[in-house]
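Student: So here's coords_25.cif (mmCIF, C-alpha atoms (C1' of nucleotides)).
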```
data_final
#
loop_
_atom_site.label_atom_id
_atom_site.label_comp_id
_atom_site.auth_asym_id
_atom_site.auth_seq_id
_atom_site.Cartn_x
_atom_site.Cartn_y
_atom_site.Cartn_z
CA MET A 3 -5.31 -8.17 -24.74
CA TYR A 4 -4.86 -7.41 -21.05
CA ASN A 5 -7.08 -10.33 -20.31
CA THR A 6 -4.63 -12.49 -18.41
CA ILE A 7 -5.08 -13.43 -14.78
CA PRO A 8 -2.60 -10.79 -13.55
CA ASP A 9 -4.22 -8.05 -15.59
CA GLN A 10 -7.71 -9.01 -14.47
CA LEU A 11 -6.60 -8.83 -10.86
CA ARG A 12 -4.96 -5.48 -11.59
CA LYS A 13 -8.21 -4.15 -12.96
CA LEU A 14 -10.01 -5.29 -9.84
CA ALA A 15 -7.39 -3.65 -7.64
CA ILE A 16 -7.65 -0.30 -9.44
CA GLU A 17 -11.43 -0.36 -9.52
CA ASN A 18 -11.28 -0.87 -5.79
CA VAL A 19 -8.99 2.16 -5.39
CA PHE A 20 -11.38 4.33 -7.39
CA SER A 21 -14.35 3.07 -5.39
CA THR A 22 -13.51 5.08 -2.27
CA ASN A 23 -14.81 8.60 -1.77
CA THR A 24 -11.39 9.73 -0.64
CA TYR A 25 -9.75 8.72 -3.89
CA GLN A 26 -12.51 10.11 -6.07
CA ASN A 27 -12.20 13.49 -4.39
CA CYS A 28 -8.42 13.50 -4.74
CA TRP A 29 -8.58 12.29 -8.31
CA ARG A 30 -10.43 15.41 -9.42
CA THR A 31 -7.27 17.35 -8.55
CA TRP A 32 -4.67 14.71 -9.30
CA GLN A 33 -5.84 13.68 -12.74
CA PRO A 34 -5.31 17.11 -14.42
CA GLU A 35 -1.99 17.41 -12.61
CA ILE A 36 -0.84 14.00 -13.88
CA LEU A 37 -2.04 14.68 -17.41
CA ARG A 38 -0.14 17.98 -17.33
CA LEU A 39 3.04 16.15 -16.25
CA LEU A 40 2.61 13.58 -19.00
CA GLY A 41 2.13 16.20 -21.71
CA ASN A 42 1.13 15.38 -25.26
CA ASN A 43 2.35 12.23 -26.96
CA TYR A 44 3.96 10.96 -23.82
CA THR A 45 6.15 7.87 -23.74
CA GLU A 46 7.12 5.25 -21.18
CA ASN A 47 9.63 7.74 -19.75
CA GLU A 48 6.93 10.21 -18.75
CA ILE A 49 4.87 7.42 -17.22
CA LEU A 50 7.78 6.13 -15.14
CA ASN A 51 8.82 9.64 -14.15
CA ILE A 52 5.49 10.27 -12.47
CA GLY A 53 7.29 8.48 -9.65
CA ASP A 54 9.49 11.55 -9.18
CA HIS A 55 6.43 13.74 -8.68
CA LEU A 56 4.04 11.60 -6.64
CA SER A 57 4.70 13.69 -3.54
CA ASP A 58 3.89 16.92 -5.38
CA ILE A 59 0.75 15.32 -6.76
CA PHE A 60 -0.23 14.14 -3.31
CA ARG A 61 0.32 17.56 -1.77
CA SER A 62 -1.76 19.26 -4.44
CA THR A 63 -4.80 18.23 -2.41
CA GLY A 64 -5.44 18.96 1.24
CA GLY A 65 -2.68 21.46 1.65
CA GLY A 66 -1.88 21.07 5.31
CA GLY A 67 -5.44 20.68 6.44
CA ARG A 68 -5.49 19.65 10.09
CA GLY A 69 -9.05 18.48 10.26
CA GLN A 70 -9.47 14.90 11.47
CA GLY A 71 -11.25 14.02 8.26
CA GLU A 72 -8.41 15.06 6.02
CA LEU A 73 -5.95 13.61 8.48
CA SER A 74 -7.52 10.22 8.41
CA ALA A 75 -8.15 10.22 4.68
CA SER A 76 -4.65 11.22 3.69
CA GLY A 77 -3.17 7.87 4.61
CA THR A 78 -5.68 6.07 2.41
CA ALA A 79 -5.09 8.57 -0.35
CA TRP A 80 -1.32 8.06 -0.37
CA GLU A 81 -1.66 4.28 -0.33
CA SER A 82 -4.11 4.50 -3.19
CA LEU A 83 -1.91 6.77 -5.27
CA VAL A 84 1.07 4.46 -4.80
CA CYS A 85 -1.06 1.44 -5.71
CA TRP A 86 -2.36 3.22 -8.82
CA TYR A 87 1.14 4.20 -9.95
CA ILE A 88 2.69 0.77 -9.47
CA ASN A 89 -0.07 -0.91 -11.43
CA LEU A 90 0.16 1.70 -14.17
CA CYS A 91 3.86 0.98 -14.61
CA THR A 92 3.36 -2.78 -14.52
CA ALA A 93 0.34 -3.11 -16.82
CA GLY A 94 0.82 -6.08 -19.09
CA SER A 95 3.32 -7.73 -16.76
CA ARG A 96 2.83 -10.38 -14.10
CA VAL A 97 3.38 -7.84 -11.32
CA VAL A 98 0.24 -6.65 -9.55
CA ALA A 99 -0.16 -4.27 -6.60
CA VAL A 100 -3.19 -4.84 -4.38
CA LYS A 101 -4.40 -2.56 -1.63
CA LYS A 102 -7.51 -4.43 -0.61
CA MET A 103 -6.41 -7.47 1.35
CA SER A 104 -9.49 -9.54 0.60
CA ILE A 105 -8.61 -9.84 -3.09
CA VAL A 106 -5.10 -11.07 -2.35
CA PRO A 107 -5.03 -14.84 -2.90
CA LYS A 108 -5.71 -16.67 0.36
CA ALA A 109 -2.42 -18.57 0.37
CA ILE A 110 -0.49 -15.31 0.10
CA GLN A 111 -2.57 -13.79 2.89
CA ASP A 112 -1.72 -16.79 5.02
CA ALA A 113 1.98 -16.62 4.21
CA ILE A 114 2.45 -13.03 5.36
CA THR A 115 0.48 -13.42 8.57
CA VAL A 116 2.55 -12.90 11.69
CA ASN A 117 1.38 -14.95 14.67
CA TYR A 118 2.04 -13.59 18.12
CA GLY A 119 1.29 -16.62 20.25
CA ASN A 120 -2.02 -17.83 18.91
CA PHE A 121 -3.05 -14.33 17.89
CA ALA A 122 -2.73 -13.51 14.19
CA CYS A 123 -1.58 -9.94 14.09
CA ASN A 124 -0.49 -8.01 11.04
CA THR A 125 -2.70 -9.84 8.63
CA GLU A 126 -3.04 -6.41 7.08
CA SER A 127 -0.48 -4.97 4.76
CA ASP A 128 -0.80 -1.56 3.14
CA ILE A 129 -0.03 -2.79 -0.35
CA THR A 130 0.72 -6.35 -1.32
CA ILE A 131 2.74 -6.98 -4.46
CA LEU A 132 2.27 -10.26 -6.27
CA VAL A 133 4.59 -11.47 -8.97
CA PHE A 134 2.80 -14.31 -10.69
CA PRO A 135 5.00 -17.17 -11.91
CA ASP A 136 6.12 -17.28 -15.52
CA LEU A 137 3.81 -20.15 -16.36
CA PRO A 138 1.25 -20.53 -19.17
CA GLU A 139 -1.69 -20.03 -16.79
CA TYR A 140 -0.59 -16.48 -16.12
CA ASN A 141 0.34 -15.50 -19.65
CA THR A 142 -2.78 -16.79 -21.39
CA ASN A 143 -6.07 -15.08 -22.11
CA ILE A 144 -8.43 -16.21 -19.39
CA ASN A 145 -11.04 -17.23 -21.97
CA GLN A 146 -8.67 -19.93 -23.18
CA LEU A 147 -7.88 -21.31 -19.77
CA ASN A 148 -9.12 -24.60 -18.46
CA ILE A 149 -8.25 -24.66 -14.79
CA LEU A 150 -9.76 -27.39 -12.66
CA ASN A 151 -10.38 -27.03 -8.96
CA ASN A 152 -9.56 -29.74 -6.44
CA LEU A 153 -12.83 -31.48 -7.25
CA GLY A 154 -11.95 -31.63 -10.93
CA ILE A 155 -14.50 -29.02 -11.89
CA GLN A 156 -13.49 -26.24 -14.25
CA ILE A 157 -13.24 -22.84 -12.59
CA GLN A 158 -15.08 -20.17 -14.53
CA PRO A 159 -12.73 -17.18 -14.96
CA ILE A 160 -15.66 -14.78 -14.98
CA LEU A 161 -18.59 -15.29 -12.67
CA ARG A 162 -21.60 -12.96 -12.78
CA ASN A 163 -19.59 -10.50 -14.88
CA LYS A 164 -16.83 -10.34 -12.27
CA PHE A 165 -13.37 -11.85 -12.21
CA ASN A 166 -13.62 -15.03 -10.18
CA LEU A 167 -11.19 -14.93 -7.28
CA GLU A 168 -11.48 -18.70 -6.86
CA LEU A 169 -9.12 -18.83 -9.81
CA THR A 170 -6.32 -16.89 -8.12
CA ASN A 171 -6.98 -18.57 -4.78
CA HIS A 172 -6.65 -22.00 -6.34
CA LEU A 173 -3.58 -21.22 -8.44
CA ALA A 174 -1.75 -19.49 -5.60
CA GLU A 175 -2.15 -22.65 -3.54
CA LYS A 176 -0.93 -24.84 -6.37
CA ASP A 177 2.01 -22.67 -7.49
CA PHE A 178 2.75 -21.01 -4.17
CA ASN A 179 6.49 -21.63 -4.18
CA GLN A 180 6.87 -19.90 -7.52
CA PHE A 181 5.19 -16.66 -6.44
CA GLU A 182 7.17 -13.61 -5.47
CA ILE A 183 5.63 -11.58 -2.68
CA GLY A 184 6.28 -7.97 -1.69
CA ILE A 185 4.86 -5.93 1.13
CA ILE A 186 4.86 -2.17 0.81
CA GLN A 187 4.37 -0.13 3.92
CA CYS A 188 3.04 3.34 3.05
CA LYS A 189 3.27 6.29 5.41
CA THR A 190 2.65 9.93 4.61
CA ASN A 191 5.16 11.04 7.24
CA TRP A 192 8.53 9.60 7.82
CA ASN A 193 10.23 10.59 11.08
CA ASP A 194 8.82 8.60 13.98
CA ASN A 195 6.96 6.11 11.87
CA ALA A 196 10.16 4.67 10.44
CA GLN A 197 10.24 2.41 13.48
CA ILE A 198 7.24 0.47 12.24
CA PRO A 199 8.63 -0.82 8.92
CA MET A 200 12.01 -1.38 10.55
CA LEU A 201 10.54 -3.66 13.21
CA TRP A 202 8.28 -5.61 10.87
CA ASP A 203 11.14 -6.09 8.46
CA MET A 204 13.22 -7.49 11.32
CA ILE A 205 10.50 -9.98 12.18
CA TYR A 206 9.99 -11.07 8.58
CA SER A 207 13.75 -11.31 8.06
CA ALA A 208 14.20 -13.36 11.20
CA GLY A 209 11.41 -15.67 10.11
CA GLY A 210 9.78 -15.37 13.52
CA PHE A 211 11.13 -16.20 16.98
CA ARG A 212 10.50 -19.75 18.08
CA GLY A 213 11.32 -19.42 21.73
CA ARG A 214 8.67 -16.75 22.07
CA ASN A 215 6.13 -18.48 19.85
CA ILE A 216 6.22 -15.74 17.23
CA THR A 217 5.78 -17.33 13.85
CA ILE A 218 5.11 -16.28 10.28
CA GLY A 219 2.57 -17.92 8.05
CA ARG A 220 -0.34 -20.26 8.64
CA ASN A 221 -2.09 -23.18 6.97
CA GLY A 222 1.29 -24.35 5.77
CA TYR A 223 2.09 -21.24 3.74
CA ASN A 224 5.27 -19.44 4.65
CA ILE A 225 7.16 -16.66 2.92
CA GLN A 226 10.32 -18.77 3.22
CA ASN A 227 8.83 -21.16 0.70
CA ALA A 228 7.82 -18.50 -1.78
CA GLN A 229 10.14 -17.58 -4.62
CA SER A 230 11.13 -14.37 -2.88
CA PHE A 231 9.89 -11.89 -0.32
CA SER A 232 10.63 -8.21 0.10
CA TYR A 233 9.52 -5.50 2.48
CA SER A 234 9.57 -1.88 1.32
CA PHE A 235 8.69 1.54 2.67
CA VAL A 236 7.14 4.35 0.63
CA THR A 237 6.70 7.80 2.15
CA VAL A 238 5.73 11.28 0.92
CA PRO A 239 7.14 12.53 3.37
CA SER A 240 4.67 15.03 4.74
CA ASN A 241 6.93 16.37 7.48
CA GLN A 242 7.51 20.09 7.11
CA ASN A 243 10.88 21.79 7.43
CA THR A 244 12.75 18.55 7.72
CA VAL A 245 16.01 17.83 5.93
CA TYR A 246 16.84 14.17 5.58
CA ASN A 247 20.48 13.26 5.58
CA PRO A 248 22.09 9.83 5.29
CA ASN A 249 22.97 9.69 9.00
CA GLY A 250 19.57 10.59 10.37
CA VAL A 251 17.87 7.94 12.46
CA ALA A 252 14.71 7.98 10.35
CA VAL A 253 16.81 7.33 7.26
CA LYS A 254 19.01 4.67 8.85
CA ARG A 255 15.96 2.79 10.04
CA VAL A 256 14.66 2.12 6.55
CA THR A 257 17.69 2.11 4.26
CA ASN A 258 18.33 -1.55 4.96
CA LEU A 259 14.81 -2.84 4.44
CA SER A 260 14.84 -5.93 2.27
CA GLY A 261 12.85 -4.11 -0.42
CA GLY A 262 14.34 -0.66 0.05
CA ASN A 263 12.86 2.72 0.92
CA TYR A 264 11.29 5.13 -1.52
CA TRP A 265 9.54 8.44 -1.79
CA GLY A 266 7.59 10.35 -4.39
CA ASN A 267 10.51 12.60 -5.24
CA PRO A 268 13.65 12.22 -7.33
CA SER A 269 16.22 9.91 -5.74
CA ILE A 270 18.75 11.25 -3.27
CA GLN A 271 21.74 9.00 -2.76
CA ASN A 272 21.77 7.21 0.60
CA VAL A 273 18.53 8.86 1.66
CA ALA A 274 15.64 7.59 -0.45
CA LYS A 275 15.04 6.41 -3.96
CA SER A 276 12.31 7.58 -6.28
CA LEU A 277 9.45 5.11 -6.31
CA LYS A 278 10.14 4.50 -9.99
CA GLU A 279 13.24 2.55 -8.93
CA ILE A 280 11.23 -0.09 -7.10
CA PHE A 281 10.64 -1.98 -10.33
CA THR A 282 14.26 -2.63 -11.10
CA ASN A 283 15.06 -3.27 -7.45
CA ASN A 284 12.45 -5.85 -6.65
CA PHE A 285 10.13 -7.05 -9.36
CA GLN A 286 12.18 -7.43 -12.50
CA SER A 287 11.29 -11.04 -13.08
CA GLY A 288 7.63 -10.13 -13.50
CA SER A 289 8.04 -9.13 -17.12
CA ARG A 290 9.14 -11.16 -20.11
CA THR A 291 9.86 -8.20 -22.31
CA GLY A 292 10.96 -5.61 -19.79
CA LEU A 293 9.17 -2.85 -17.99
CA ARG A 294 9.65 -0.13 -20.59
CA THR A 295 8.43 -2.31 -23.43
CA ASP A 296 5.34 -3.22 -21.45
CA ILE A 297 4.54 0.42 -20.72
CA ARG A 298 5.08 1.42 -24.32
CA ALA A 299 2.58 -1.20 -25.39
CA ALA A 300 0.11 -0.11 -22.74
CA ILE A 301 0.00 3.59 -23.59
CA PRO A 302 -2.46 3.37 -26.51
CA GLU A 303 -4.79 1.30 -24.33
CA LEU A 304 -5.05 3.98 -21.63
CA THR A 305 -7.36 6.12 -23.74
CA ALA A 306 -11.13 6.17 -23.36
CA ASN A 307 -13.05 2.95 -24.01
CA ASN A 308 -9.93 0.83 -24.27
CA SER A 309 -8.78 -2.07 -22.14
CA LEU A 310 -6.79 0.07 -19.69
CA SER A 311 -9.14 3.03 -19.50
CA TYR A 312 -9.88 2.06 -15.90
CA PHE A 313 -6.73 3.96 -14.91
CA GLY A 314 -8.68 7.14 -15.56
CA LEU A 315 -5.99 8.81 -17.68
CA TYR A 316 -8.18 10.49 -20.29
"C1'" DT B 174 23.12 27.20 21.92
"C1'" DA B 175 21.67 24.24 18.08
"C1'" DT B 176 20.24 19.99 16.64
"C1'" DC B 177 18.07 15.71 16.87
"C1'" DG B 178 14.94 12.17 18.39
"C1'" DC B 179 10.90 11.00 20.93
"C1'" DC B 180 6.33 11.58 22.65
"C1'" DC B 181 1.52 12.77 22.77
"C1'" DA B 182 -3.80 12.52 21.78
"C1'" DG B 183 -7.77 12.48 19.09
"C1'" DC B 184 -11.96 11.63 15.58
"C1'" DG B 185 -13.78 10.66 10.94
"C1'" DC B 186 -13.29 7.27 7.19
"C1'" DT B 187 -13.33 2.55 5.59
"C1'" DG B 188 -14.50 -2.14 5.35
"C1'" DT B 189 -16.76 -5.93 7.18
"C1'" DA B 190 -20.21 -8.27 9.63
"C1'" DA B 191 -24.76 -8.54 10.68
"C1'" DC B 192 -29.15 -7.76 9.35
"C1'" DG B 193 -33.65 -7.39 6.87
"C1'" DC C 120 -28.93 -8.61 -2.60
"C1'" DG C 121 -29.04 -4.03 -0.52
"C1'" DT C 122 -28.61 -1.56 3.86
"C1'" DT C 123 -26.97 -0.50 8.43
"C1'" DA C 124 -23.92 -0.41 12.37
"C1'" DC C 125 -19.76 -0.70 14.46
"C1'" DA C 126 -14.89 -1.52 15.36
"C1'" DG C 127 -10.36 -0.48 14.02
"C1'" DC C 128 -7.14 2.35 12.04
"C1'" DG C 129 -4.00 6.32 11.08
"C1'" DC C 130 -1.45 11.38 10.82
"C1'" DT C 131 0.06 15.79 12.72
"C1'" DG C 132 3.24 19.44 14.78
"C1'" DG C 133 4.80 21.41 18.90
"C1'" DG C 134 7.27 20.71 23.17
"C1'" DC C 135 10.69 18.44 25.90
"C1'" DG C 136 15.04 16.22 27.04
"C1'" DA C 137 19.56 14.57 25.60
"C1'" DT C 138 23.61 15.31 23.19
"C1'" DA C 139 27.43 17.72 20.72
#
```
As C-alpha cells, how would this structure be written, given the file I've shared?
Tutor:
Amino acid sequence: MYNTIPDQLRKLAIENVFSTNTYQNCWRTWQPEILRLLGNNYTENEILNIGDHLSDIFRSTGGGGRGQGELSASGTAWESLVCWYINLCTAGSRVVAVKKMSIVPKAIQDAITVNYGNFACNTESDITILVFPDLPEYNTNINQLNILNNLGIQIQPILRNKFNLELTNHLAEKDFNQFEIGIIQCKTNWNDNAQIPMLWDMIYSAGGFRGRNITIGRNGYNIQNAQSFSYSFVTVPSNQNTVYNPNGVAVKRVTNLSGGNYWGNPSIQNVAKSLKEIFTNNFQSGSRTGLRTDIRAAIPELTANNSLSYFGLY
DNA sequence: TATCGCCCAGCGCTGTAACG
DNA sequence: CGTTACAGCGCTGGGCGATA
C-alpha cells in the first residue's frame, strides 16, 4: 500500500520538506494547531478544510517578526506548508506536489524552462505539480514493476534504500505527453508581487515569443505537448490592514491565471478561493476513485509507524 | 481628502558545487 | 561519502504620487 511510483515520490517530497530547519521549527507550532483543527476521529472533510485555515496556521509562528532571518525563512515556510497540504490531500492518487526541483523528473524540468535568448531563466518553480498518467506503471506496487531503461536493463525501484529517481526520469521521458503539469507560485504577500505570476502566466500561455527568441522548453520537451499545463498562485496573504475586493489590481492580476488563485482562508467570491478548491479545479484526473475516497482511505495510515506517518500527524 | 498602486533596500537561509 | 563555501533568493511596511 502506498508503494506506487507517485506515492514514493510524494514521500521523498515530504521528507525533503521536513529536512529543513525552517520547517522543523515551524512544525513544532503548526503540528499541535493542525491536530487541534482536525479534532478526534476526523474525516476527509477535516483534512480538506485545513485549506481554509492554512493562513492562520502559518501566522501562528513568527508573528510579524521583522528580522531578516524570519523574513527570509517565511517564504520557504509557506511554500513548504502548501506542499505538505497538497500532498496530504492527494495521498494515494497520482497527483504529487514537489518543492525541490531536483527530484522533479528531468523531462518535466526541461518542459517548464523558459529560455530568454540562450539563457535558461525560470528553471525554478516554487512547487511543481505532477499528475502521473493513468497507466499500469503508476498504479502498481513498485516491487512488481519491471521497467527497462533505454539499454534494456531493468531499473531498480529502490537503490541503496532510496527511491531511484532514474525510474521517474525514464518514465517521464517515455510518457511525457500523458503527464499533466502544474506550477504553483507561492508568495506570503499579495499586493505588489501579483505582477510576477501574472507575467509568467502570460509567457507560458503565449508559448514564448519567437520574434524575440523567448521560448519554452528544451531538449524537445514542451508544455504544449504535455496533457495539460496550469499556472496557479497561492498566497497567505501577509499584508496587514488590506481589504481585497474584486476590482483591486492585485486581485485582477491573478484571477485569470490558468490554474487560478488561492489563499489559506475560506473562499471569497471573485477574490480568492480556498486552497482546498485547487483539487477540483486542476487535478481531478489524478484519482481513479475521487479525492475524498482517497483521503478517507489514507487517514488510518497517517498514524505512527504506518505508511503515511511521514506526514507527521501523530 | 481618501484611496489605491507603486517603489524601495537589505541580510540570513538554503541548496549546490567543490573539496578533502 | 561527509564537509565546507558560496551564490542566489525572497519579504516587509511606510512613504509618495496619482486619481476620484
Student: Written as a count of residues only, which residues does the PyMOL selection byres ((chain A and resi 53-60) around 7) give for the file shown?
Tutor: 16
Student: Give me the chain B side of the contact with chain A, cut-off 9 Å, one line per residue showing its nearest atom pair and distance in Å at one decimal, counting all atoms listed in the file, sorted by chain and residue number, as a tab-separated table.
Tutor:
```
residue	atom	partner	partner_atom	distance
B:DC177	C1'	A:Gly250	CA	8.4
B:DG178	C1'	A:Val251	CA	7.9
B:DC179	C1'	A:Asp194	CA	7.6
B:DG183	C1'	A:Gln70	CA	8.2
B:DC184	C1'	A:Gln70	CA	5.8
B:DG185	C1'	A:Gly71	CA	5.0
B:DC186	C1'	A:Ala75	CA	6.4
B:DT187	C1'	A:Thr22	CA	8.3
```
Student: Contacts between chain A and chain C, please, where a residue of chain C counts if it comes within 12 Å (with all atoms listed in the file); show its shortest atom pair and distance in Å to one decimal, rows by chain and ascending number, as a Markdown table.
Tutor:
```
| residue | atom | partner | partner_atom | distance |
| --- | --- | --- | --- | --- |
| C:DG127 | C1' | A:Glu126 | CA | 11.7 |
| C:DC128 | C1' | A:Ser74 | CA | 8.7 |
| C:DG129 | C1' | A:Ser74 | CA | 5.9 |
| C:DC130 | C1' | A:Leu73 | CA | 5.5 |
| C:DT131 | C1' | A:Arg68 | CA | 7.3 |
| C:DG132 | C1' | A:Asn241 | CA | 8.7 |
```
Student: Report the distance between atom C1' of B:DC181 and atom C1' of C:DC125 in Å, rounded to one decimal place.
Tutor: 26.5 Å
Student: Atom CA of A:Phe235 and atom CA of A:Tyr264, how far apart in Å?
Tutor: 6.1 Å
